[in-house]
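model.pdb (PDB, C-alpha atoms) appears below.
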ATOM      1  CA  ALA A   1      22.833  23.758 -13.946
ATOM      2  CA  GLN A   2      19.513  24.113 -12.235
ATOM      3  CA  LYS A   3      19.354  25.341  -8.692
ATOM      4  CA  VAL A   4      16.771  26.409  -6.147
ATOM      5  CA  THR A   5      17.724  28.580  -3.217
ATOM      6  CA  GLN A   6      15.650  29.090  -0.116
ATOM      7  CA  ALA A   7      17.740  31.493   1.877
ATOM      8  CA  GLN A   8      15.550  31.370   4.971
ATOM      9  CA  THR A   9      16.444  28.286   6.939
ATOM     10  CA  GLU A  10      14.006  28.880   9.769
ATOM     11  CA  ILE A  11      11.254  31.405  10.418
ATOM     12  CA  SER A  12       9.256  31.840  13.568
ATOM     13  CA  VAL A  13       6.077  33.927  13.714
ATOM     14  CA  VAL A  14       3.251  34.501  16.110
ATOM     15  CA  GLU A  15      -0.135  33.181  15.132
ATOM     16  CA  LYS A  16      -2.135  35.504  12.852
ATOM     17  CA  GLU A  17       0.954  37.177  11.476
ATOM     18  CA  ASP A  18       1.599  37.125   7.736
ATOM     19  CA  VAL A  19       4.759  35.380   6.582
ATOM     20  CA  THR A  20       6.542  35.186   3.237
ATOM     21  CA  LEU A  21       8.828  32.335   2.264
ATOM     22  CA  ASP A  22      11.374  33.208  -0.379
ATOM     23  CA  CYS A  23      12.443  31.062  -3.318
ATOM     24  CA  VAL A  24      14.983  31.961  -5.983
ATOM     25  CA  TYR A  25      15.730  29.639  -8.864
ATOM     26  CA  GLU A  26      18.337  29.297 -11.580
ATOM     27  CA  THR A  27      17.848  27.693 -14.947
ATOM     28  CA  ARG A  28      18.862  28.377 -18.524
ATOM     29  CA  ASP A  29      15.714  26.791 -19.862
ATOM     30  CA  THR A  30      12.878  29.014 -21.009
ATOM     31  CA  THR A  31      10.237  26.412 -20.218
ATOM     32  CA  TYR A  32      10.002  25.103 -16.705
ATOM     33  CA  TYR A  33       7.658  24.477 -13.795
ATOM     34  CA  LEU A  34       7.904  25.676 -10.236
ATOM     35  CA  PHE A  35       6.379  23.965  -7.226
ATOM     36  CA  TRP A  36       5.826  24.361  -3.528
ATOM     37  CA  TYR A  37       5.507  21.362  -1.218
ATOM     38  CA  LYS A  38       4.723  21.263   2.477
ATOM     39  CA  GLN A  39       6.282  18.762   4.867
ATOM     40  CA  PRO A  40       4.424  18.763   8.199
ATOM     41  CA  PRO A  41       5.927  17.174  11.309
ATOM     42  CA  SER A  42       4.408  13.841  10.295
ATOM     43  CA  GLY A  43       6.909  13.761   7.453
ATOM     44  CA  GLU A  44       4.926  13.391   4.250
ATOM     45  CA  LEU A  45       5.357  15.759   1.323
ATOM     46  CA  VAL A  46       2.167  17.547   0.375
ATOM     47  CA  PHE A  47       1.812  19.259  -2.994
ATOM     48  CA  LEU A  48       0.649  22.875  -2.739
ATOM     49  CA  ILE A  49       1.011  24.501  -6.135
ATOM     50  CA  ARG A  50       2.479  24.181  -9.627
ATOM     51  CA  ARG A  51       3.214  27.165 -11.863
ATOM     52  CA  ASN A  52       4.600  27.156 -15.382
ATOM     53  CA  SER A  53       7.171  29.614 -16.635
ATOM     54  CA  PHE A  54       4.749  31.309 -19.032
ATOM     55  CA  ASP A  55       2.215  32.218 -16.394
ATOM     56  CA  GLU A  56       3.313  35.086 -14.182
ATOM     57  CA  GLN A  57      -0.062  35.774 -12.691
ATOM     58  CA  ASN A  58      -0.139  35.659  -8.944
ATOM     59  CA  GLU A  59      -2.281  32.980  -7.416
ATOM     60  CA  ILE A  60      -4.339  32.954  -4.269
ATOM     61  CA  SER A  61      -5.815  29.947  -2.541
ATOM     62  CA  GLY A  62      -7.440  30.763   0.750
ATOM     63  CA  ARG A  63      -4.747  32.074   3.072
ATOM     64  CA  TYR A  64      -1.994  31.062   0.638
ATOM     65  CA  SER A  65      -0.699  33.215  -2.181
ATOM     66  CA  TRP A  66       2.189  32.931  -4.574
ATOM     67  CA  ASN A  67       4.127  35.647  -6.359
ATOM     68  CA  PHE A  68       6.047  34.577  -9.451
ATOM     69  CA  GLN A  69       8.469  37.099 -10.972
ATOM     70  CA  LYS A  70      10.612  35.945 -13.873
ATOM     71  CA  SER A  71      12.579  39.195 -13.845
ATOM     72  CA  THR A  72      14.025  38.269 -10.469
ATOM     73  CA  SER A  73      13.741  34.474 -10.848
ATOM     74  CA  SER A  74      11.663  34.303  -7.734
ATOM     75  CA  PHE A  75       8.593  32.355  -6.692
ATOM     76  CA  ASN A  76       7.663  33.495  -3.216
ATOM     77  CA  PHE A  77       4.969  32.037  -1.002
ATOM     78  CA  THR A  78       2.924  34.063   1.469
ATOM     79  CA  ILE A  79       0.726  32.734   4.227
ATOM     80  CA  THR A  80      -1.766  35.269   5.523
ATOM     81  CA  ALA A  81      -2.998  35.124   9.106
ATOM     82  CA  SER A  82      -0.766  32.183   9.938
ATOM     83  CA  GLN A  83      -2.031  29.355  12.100
ATOM     84  CA  VAL A  84      -0.285  26.785  14.250
ATOM     85  CA  VAL A  85      -1.229  24.109  11.712
ATOM     86  CA  ASP A  86       0.930  25.921   9.160
ATOM     87  CA  SER A  87       4.017  24.876  11.104
ATOM     88  CA  ALA A  88       6.016  22.730   8.696
ATOM     89  CA  VAL A  89       8.986  22.682   6.392
ATOM     90  CA  TYR A  90       8.192  24.222   3.027
ATOM     91  CA  PHE A  91      10.088  23.256  -0.100
ATOM     92  CA  CYS A  92      10.323  25.107  -3.376
ATOM     93  CA  ALA A  93      11.182  22.951  -6.394
ATOM     94  CA  LEU A  94      11.915  23.277 -10.105
ATOM     95  CA  SER A  95      11.389  20.942 -13.059
ATOM     96  CA  LEU A  96      12.538  21.547 -16.542
ATOM     97  CA  THR A  97      10.052  20.423 -19.135
ATOM     98  CA  PRO A  98       6.477  21.376 -19.963
ATOM     99  CA  TYR A  99       5.547  17.871 -18.972
ATOM    100  CA  SER A 100       6.941  18.052 -15.494
ATOM    101  CA  GLY A 101       6.147  14.470 -14.730
ATOM    102  CA  ASN A 102       8.910  13.589 -17.141
ATOM    103  CA  THR A 103      11.801  14.930 -15.149
ATOM    104  CA  PRO A 104      12.871  14.942 -11.549
ATOM    105  CA  LEU A 105      12.357  17.871  -9.250
ATOM    106  CA  VAL A 106      15.253  19.959  -8.049
ATOM    107  CA  PHE A 107      14.464  21.006  -4.507
ATOM    108  CA  GLY A 108      15.600  23.865  -2.363
ATOM    109  CA  LYS A 109      16.839  23.075   1.124
ATOM    110  CA  GLY A 110      13.529  24.071   2.647
ATOM    111  CA  THR A 111      12.339  26.683   5.125
ATOM    112  CA  ARG A 112      11.170  25.539   8.530
ATOM    113  CA  LEU A 113       8.200  27.645   9.637
ATOM    114  CA  SER A 114       7.143  27.658  13.253
ATOM    115  CA  VAL A 115       3.895  29.382  14.132
ATOM    116  CA  ILE A 116       3.580  30.100  17.818
ATOM    117  CA  ALA A 117       0.199  30.373  19.480
TER     118      ALA A 117
ATOM    119  CA  ASP B   1      -8.014   6.785  -4.614
ATOM    120  CA  ALA B   2      -5.070   5.397  -2.731
ATOM    121  CA  GLY B   3      -1.946   7.475  -2.880
ATOM    122  CA  VAL B   4       1.597   6.262  -3.262
ATOM    123  CA  ILE B   5       2.232   3.442  -0.825
ATOM    124  CA  GLN B   6       5.620   2.769   0.705
ATOM    125  CA  SER B   7       6.760   0.011   3.015
ATOM    126  CA  PRO B   8       8.094  -0.317   5.546
ATOM    127  CA  ARG B   9       7.516   3.074   7.133
ATOM    128  CA  HIS B  10      10.449   2.586   9.471
ATOM    129  CA  GLU B  11      13.434   0.300   9.150
ATOM    130  CA  VAL B  12      16.259  -0.175  11.612
ATOM    131  CA  THR B  13      19.101  -2.417  10.576
ATOM    132  CA  GLU B  14      22.722  -3.046  11.303
ATOM    133  CA  MET B  15      25.601  -2.108   9.108
ATOM    134  CA  GLY B  16      26.279  -4.698   6.464
ATOM    135  CA  GLN B  17      22.728  -5.943   6.225
ATOM    136  CA  GLU B  18      20.628  -5.842   3.072
ATOM    137  CA  VAL B  19      17.709  -3.431   3.060
ATOM    138  CA  THR B  20      14.794  -3.444   0.628
ATOM    139  CA  LEU B  21      12.380  -0.552   0.369
ATOM    140  CA  ARG B  22       9.125  -0.954  -1.503
ATOM    141  CA  CYS B  23       6.844   1.380  -3.415
ATOM    142  CA  LYS B  24       3.460   1.058  -5.058
ATOM    143  CA  PRO B  25       2.726   4.057  -7.318
ATOM    144  CA  ILE B  26      -0.675   5.534  -7.993
ATOM    145  CA  SER B  27      -2.501   3.399 -10.534
ATOM    146  CA  GLY B  28      -2.142   4.723 -14.053
ATOM    147  CA  HIS B  29       0.936   6.804 -13.367
ATOM    148  CA  ASP B  30       3.710   6.280 -15.902
ATOM    149  CA  TYR B  31       6.580   7.788 -13.930
ATOM    150  CA  LEU B  32       8.105   6.681 -10.664
ATOM    151  CA  PHE B  33      10.816   8.533  -8.765
ATOM    152  CA  TRP B  34      12.977   7.616  -5.770
ATOM    153  CA  TYR B  35      14.277  10.513  -3.672
ATOM    154  CA  ARG B  36      16.364  10.581  -0.524
ATOM    155  CA  GLN B  37      16.156  13.214   2.210
ATOM    156  CA  THR B  38      19.044  13.896   4.575
ATOM    157  CA  MET B  39      19.844  16.837   6.789
ATOM    158  CA  MET B  40      23.058  17.551   4.942
ATOM    159  CA  ARG B  41      21.949  17.191   1.342
ATOM    160  CA  GLY B  42      18.205  17.814   1.531
ATOM    161  CA  LEU B  43      15.953  16.123  -1.005
ATOM    162  CA  GLU B  44      17.781  14.601  -3.919
ATOM    163  CA  LEU B  45      16.853  12.263  -6.747
ATOM    164  CA  LEU B  46      18.231   8.757  -6.765
ATOM    165  CA  ILE B  47      16.601   7.246  -9.858
ATOM    166  CA  TYR B  48      13.464   7.461 -11.922
ATOM    167  CA  PHE B  49      11.504   5.197 -14.226
ATOM    168  CA  ASN B  50       9.182   5.722 -17.174
ATOM    169  CA  ASN B  51       6.894   2.824 -18.006
ATOM    170  CA  ASN B  52       9.030   0.552 -15.819
ATOM    171  CA  VAL B  53      12.261   1.484 -17.612
ATOM    172  CA  PRO B  54      15.009   3.312 -15.700
ATOM    173  CA  ILE B  55      15.632   6.698 -17.297
ATOM    174  CA  ASP B  56      18.237   8.299 -15.080
ATOM    175  CA  ASP B  57      20.118   6.589 -12.272
ATOM    176  CA  SER B  58      22.894   9.161 -11.979
ATOM    177  CA  GLY B  59      21.782   9.989  -8.479
ATOM    178  CA  MET B  60      22.348   6.490  -7.153
ATOM    179  CA  PRO B  61      25.267   7.011  -4.807
ATOM    180  CA  GLU B  62      27.127   3.748  -5.226
ATOM    181  CA  ASP B  63      26.918   0.248  -6.559
ATOM    182  CA  ARG B  64      25.508  -0.730  -3.223
ATOM    183  CA  PHE B  65      22.249   0.837  -4.336
ATOM    184  CA  SER B  66      19.994  -0.782  -6.920
ATOM    185  CA  ALA B  67      16.408  -0.203  -8.001
ATOM    186  CA  LYS B  68      13.969  -2.216 -10.019
ATOM    187  CA  MET B  69      10.483  -1.808 -11.373
ATOM    188  CA  PRO B  70       9.299  -5.232 -12.499
ATOM    189  CA  ASN B  71       5.808  -3.987 -13.325
ATOM    190  CA  ALA B  72       3.722  -0.831 -13.356
ATOM    191  CA  SER B  73       2.520  -1.269  -9.793
ATOM    192  CA  PHE B  74       5.690  -2.063  -7.891
ATOM    193  CA  SER B  75       9.234  -0.831  -7.402
ATOM    194  CA  THR B  76      12.026  -1.697  -5.005
ATOM    195  CA  LEU B  77      15.116   0.123  -3.825
ATOM    196  CA  LYS B  78      17.760  -2.161  -2.409
ATOM    197  CA  ILE B  79      20.867  -1.315  -0.436
ATOM    198  CA  GLN B  80      23.447  -4.046  -0.020
ATOM    199  CA  PRO B  81      25.442  -3.824   2.143
ATOM    200  CA  SER B  82      23.969  -0.955   4.141
ATOM    201  CA  GLU B  83      26.140   1.619   5.908
ATOM    202  CA  PRO B  84      25.355   4.163   8.647
ATOM    203  CA  ARG B  85      25.618   7.017   6.138
ATOM    204  CA  ASP B  86      22.655   5.535   4.280
ATOM    205  CA  SER B  87      20.419   6.577   7.168
ATOM    206  CA  ALA B  88      17.815   8.891   5.663
ATOM    207  CA  VAL B  89      14.190   9.163   4.672
ATOM    208  CA  TYR B  90      13.535   7.591   1.289
ATOM    209  CA  PHE B  91      10.585   8.883  -0.678
ATOM    210  CA  CYS B  92       8.877   7.374  -3.658
ATOM    211  CA  ALA B  93       6.815   9.607  -5.943
ATOM    212  CA  SER B  94       4.711   8.960  -9.013
ATOM    213  CA  SER B  95       3.382  11.119 -11.801
ATOM    214  CA  PRO B  96       1.047  10.622 -14.732
ATOM    215  CA  GLY B  97       3.482  12.312 -17.085
ATOM    216  CA  GLN B  98       0.662  14.058 -18.885
ATOM    217  CA  LEU B  99       0.602  17.803 -19.417
ATOM    218  CA  SER B 100      -2.605  18.508 -17.584
ATOM    219  CA  THR B 101      -1.870  16.468 -14.489
ATOM    220  CA  ASP B 102       1.868  16.218 -14.259
ATOM    221  CA  THR B 103       2.486  16.856 -10.600
ATOM    222  CA  GLN B 104       4.577  14.378  -8.664
ATOM    223  CA  TYR B 105       2.754  12.852  -5.711
ATOM    224  CA  PHE B 106       4.841  11.538  -2.870
ATOM    225  CA  GLY B 107       4.467   8.556  -0.621
ATOM    226  CA  PRO B 108       4.827   8.868   3.161
ATOM    227  CA  GLY B 109       8.483   7.874   3.038
ATOM    228  CA  THR B 110      10.557   5.155   4.681
ATOM    229  CA  ARG B 111      12.781   6.242   7.534
ATOM    230  CA  LEU B 112      15.907   4.102   7.418
ATOM    231  CA  THR B 113      18.327   3.887  10.308
ATOM    232  CA  VAL B 114      21.529   1.917   9.855
ATOM    233  CA  LEU B 115      23.345   1.260  13.119
TER     234      LEU B 115
END
Produce C-alpha cells that represent the structure in this file.
Amino acid sequence: AQKVTQAQTEISVVEKEDVTLDCVYETRDTTYYLFWYKQPPSGELVFLIRRNSFDEQNEISGRYSWNFQKSTSSFNFTITASQVVDSAVYFCALSLTPYSGNTPLVFGKGTRLSVIA
Amino acid sequence: DAGVIQSPRHEVTEMGQEVTLRCKPISGHDYLFWYRQTMMRGLELLIYFNNNVPIDDSGMPEDRFSAKMPNASFSTLKIQPSEPRDSAVYFCASSPGQLSTDTQYFGPGTRLTVL
C-alpha cells in the first residue's frame, strides 16, 4: 500500500528562521511522483512542486527548496528566511504512475506551520 | 485562464436533506477528482473520472454518495440523505493527464456543514 507520513503535526517558528518540513513515503512502485501543496488559511490547495522518482536532484525556487532522497524515502521541504505569509498547512502527496494525472494523490496528514512576527 | 470552479463555497443543511456539490474543471483537462478533507481522516479521494467516465469510486463512503460527470465541463457530487458526519470540505481537482503537465489543480473547495 502507498502511504505518506508527515510526522510533524505543527511547527512554530519566528520570522526569518529557516524551517524544514519532513515527508516520508512508502510505495513498492519504482515509478512515482511526489508533490507538495500549500493550504493557506483561506482554504484552497496551492500546488508547489512535482518531482518524479528518477530525478533526485534538489530543487530551489526562491526561498523554497526540496530535498529528495530515495535511499531514505524522503522528500523534505525547506523554507529559508520564513515569513508570516508562509503560515499555512503544507501537504506532501504521492502518485503512482509516470502520468500522475491518471491516478489520485495519496496525501500525508499535513504540517501546520505558524510563522510568528 | 479560470481555474477549477466549485459551487457553492459554503453549504449548511439539516440532516436528511439532499446536498449537491458542483464542479467545473479547467477546460481541456481529461481527469476530474473529488476529494474530501476532514480533521480525522485528512484529504482522501472519493472518486475520479477520465473523459467523463468514472474510473475508481472505491473511496465513496456509502450509497448515500453519488457522483456524475455528464460532460467534460461539469461534475456533481450528491449526498442523499446527508448526515452530520458528512460535514467536511469537499475539493474538486482536474488534471490534463498528459506527461508534461500532469499536476492536479484544485478548486477552492465547498465547506459542507450538516446539522
Select all residues from chain A having any atom no more than 12 Å from an atom of chain B (counting all atoms listed in the file, ignoring ligands), output as a PDB file with C-alpha atoms, in the frame of the given file.
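Just written: result_31.pdb:
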ATOM      1  CA  LYS A   3      19.354  25.341  -8.692  1.00  0.00           C
ATOM      2  CA  VAL A   4      16.771  26.409  -6.147  1.00  0.00           C
ATOM      3  CA  THR A   5      17.724  28.580  -3.217  1.00  0.00           C
ATOM      4  CA  GLN A   6      15.650  29.090  -0.116  1.00  0.00           C
ATOM      5  CA  THR A   9      16.444  28.286   6.939  1.00  0.00           C
ATOM      6  CA  TYR A  33       7.658  24.477 -13.795  1.00  0.00           C
ATOM      7  CA  LEU A  34       7.904  25.676 -10.236  1.00  0.00           C
ATOM      8  CA  PHE A  35       6.379  23.965  -7.226  1.00  0.00           C
ATOM      9  CA  TRP A  36       5.826  24.361  -3.528  1.00  0.00           C
ATOM     10  CA  TYR A  37       5.507  21.362  -1.218  1.00  0.00           C
ATOM     11  CA  LYS A  38       4.723  21.263   2.477  1.00  0.00           C
ATOM     12  CA  GLN A  39       6.282  18.762   4.867  1.00  0.00           C
ATOM     13  CA  PRO A  40       4.424  18.763   8.199  1.00  0.00           C
ATOM     14  CA  PRO A  41       5.927  17.174  11.309  1.00  0.00           C
ATOM     15  CA  SER A  42       4.408  13.841  10.295  1.00  0.00           C
ATOM     16  CA  GLY A  43       6.909  13.761   7.453  1.00  0.00           C
ATOM     17  CA  GLU A  44       4.926  13.391   4.250  1.00  0.00           C
ATOM     18  CA  LEU A  45       5.357  15.759   1.323  1.00  0.00           C
ATOM     19  CA  VAL A  46       2.167  17.547   0.375  1.00  0.00           C
ATOM     20  CA  PHE A  47       1.812  19.259  -2.994  1.00  0.00           C
ATOM     21  CA  LEU A  48       0.649  22.875  -2.739  1.00  0.00           C
ATOM     22  CA  ILE A  49       1.011  24.501  -6.135  1.00  0.00           C
ATOM     23  CA  ARG A  50       2.479  24.181  -9.627  1.00  0.00           C
ATOM     24  CA  ARG A  51       3.214  27.165 -11.863  1.00  0.00           C
ATOM     25  CA  ASN A  52       4.600  27.156 -15.382  1.00  0.00           C
ATOM     26  CA  VAL A  89       8.986  22.682   6.392  1.00  0.00           C
ATOM     27  CA  TYR A  90       8.192  24.222   3.027  1.00  0.00           C
ATOM     28  CA  PHE A  91      10.088  23.256  -0.100  1.00  0.00           C
ATOM     29  CA  CYS A  92      10.323  25.107  -3.376  1.00  0.00           C
ATOM     30  CA  ALA A  93      11.182  22.951  -6.394  1.00  0.00           C
ATOM     31  CA  LEU A  94      11.915  23.277 -10.105  1.00  0.00           C
ATOM     32  CA  SER A  95      11.389  20.942 -13.059  1.00  0.00           C
ATOM     33  CA  THR A  97      10.052  20.423 -19.135  1.00  0.00           C
ATOM     34  CA  PRO A  98       6.477  21.376 -19.963  1.00  0.00           C
ATOM     35  CA  TYR A  99       5.547  17.871 -18.972  1.00  0.00           C
ATOM     36  CA  SER A 100       6.941  18.052 -15.494  1.00  0.00           C
ATOM     37  CA  GLY A 101       6.147  14.470 -14.730  1.00  0.00           C
ATOM     38  CA  ASN A 102       8.910  13.589 -17.141  1.00  0.00           C
ATOM     39  CA  THR A 103      11.801  14.930 -15.149  1.00  0.00           C
ATOM     40  CA  PRO A 104      12.871  14.942 -11.549  1.00  0.00           C
ATOM     41  CA  LEU A 105      12.357  17.871  -9.250  1.00  0.00           C
ATOM     42  CA  VAL A 106      15.253  19.959  -8.049  1.00  0.00           C
ATOM     43  CA  PHE A 107      14.464  21.006  -4.507  1.00  0.00           C
ATOM     44  CA  GLY A 108      15.600  23.865  -2.363  1.00  0.00           C
ATOM     45  CA  LYS A 109      16.839  23.075   1.124  1.00  0.00           C
ATOM     46  CA  GLY A 110      13.529  24.071   2.647  1.00  0.00           C
ATOM     47  CA  THR A 111      12.339  26.683   5.125  1.00  0.00           C
TER      48      THR A 111
END
### Nearby residues (all atoms listed in the file) at most 6 Å from Ile79 in chain B, same-chain spacing under 6 positions excluded, as JSON, numbers by chain
{"B": [18, 19, 64, 65]}
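Between CA of Phe68 in chain A and CA of Ile11 in chain A the separation is 20.8 Å.
Closest approach to Gln17 in chain B from the set B:Glu83, B:Thr113, B:Cys92, B:Pro54 is made by B:Glu83, with distances taken over all atoms listed in the file.
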### Task
Take CA of Val19 in chain A and CA of Asn67 in chain A and report the distance between them in Å, one decimal.
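Taking CA of Val19 in chain A and CA of Asn67 in chain A, their separation equals 13.0 Å.
Look at Leu115 in chain B: the protein and nucleic acid residues within 9 Å of it, using only C-alpha atoms and passing over chain neighbours fewer than 5 places away, are B:Val12, B:Thr13, B:Glu14, B:Met15, B:Glu83, B:Pro84, B:Ser87.
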Serialized selection, C-alpha atoms, as a compact mmCIF listing (two decimals), keeping the file's coordinate frame:
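result_39.txt, written as the output of this step:
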# COMPACT_ATOMS: atom_id res chain seq x y z
CA VAL B 12 16.26 -0.18 11.61
CA THR B 13 19.10 -2.42 10.58
CA GLU B 14 22.72 -3.05 11.30
CA MET B 15 25.60 -2.11 9.11
CA GLU B 83 26.14 1.62 5.91
CA PRO B 84 25.36 4.16 8.65
CA SER B 87 20.42 6.58 7.17
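You will find CA of Phe75 in chain A at 16.0 Å from CA of Asp29 in chain A.
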### Task
Just the residues within 9 Å of Arg22 in chain B, please, counting only C-alpha atoms, with nothing from its chain fewer than 2 positions along; format it as number ranges by chain.
B: 5-8, 20, 24, 74-78, 92, 110
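Evaluating the PyMOL selection byres ((chain A and resi 73) around 9) against the shown model yields Cys23, Val24, Tyr25, Glu26, Thr27, Phe68, Gln69, Lys70, Ser71, Thr72, Ser74 and Phe75 of chain A.
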Create the file for the chosen residues now, containing C-alpha atoms and written as a CSV table (one decimal), in the frame of the given file.
chain,number,residue,atom,x,y,z
A,23,CYS,CA,12.4,31.1,-3.3
A,24,VAL,CA,15.0,32.0,-6.0
A,25,TYR,CA,15.7,29.6,-8.9
A,26,GLU,CA,18.3,29.3,-11.6
A,27,THR,CA,17.8,27.7,-14.9
A,68,PHE,CA,6.0,34.6,-9.5
A,69,GLN,CA,8.5,37.1,-11.0
A,70,LYS,CA,10.6,35.9,-13.9
A,71,SER,CA,12.6,39.2,-13.8
A,72,THR,CA,14.0,38.3,-10.5
A,74,SER,CA,11.7,34.3,-7.7
A,75,PHE,CA,8.6,32.4,-6.7
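Close to (0.5, 26.2, 6.5), meaning no more than 10 Å away when counting all atoms listed in the file, sit the residues Lys38, Gln39, Pro40, Leu48, Arg63, Tyr64, Thr78, Ile79, Thr80, Ala81, Ser82, Gln83, Val84, Val85, Asp86, Ser87, Ala88, Val89, Tyr90, Leu113, Ser114 and Val115 of chain A.
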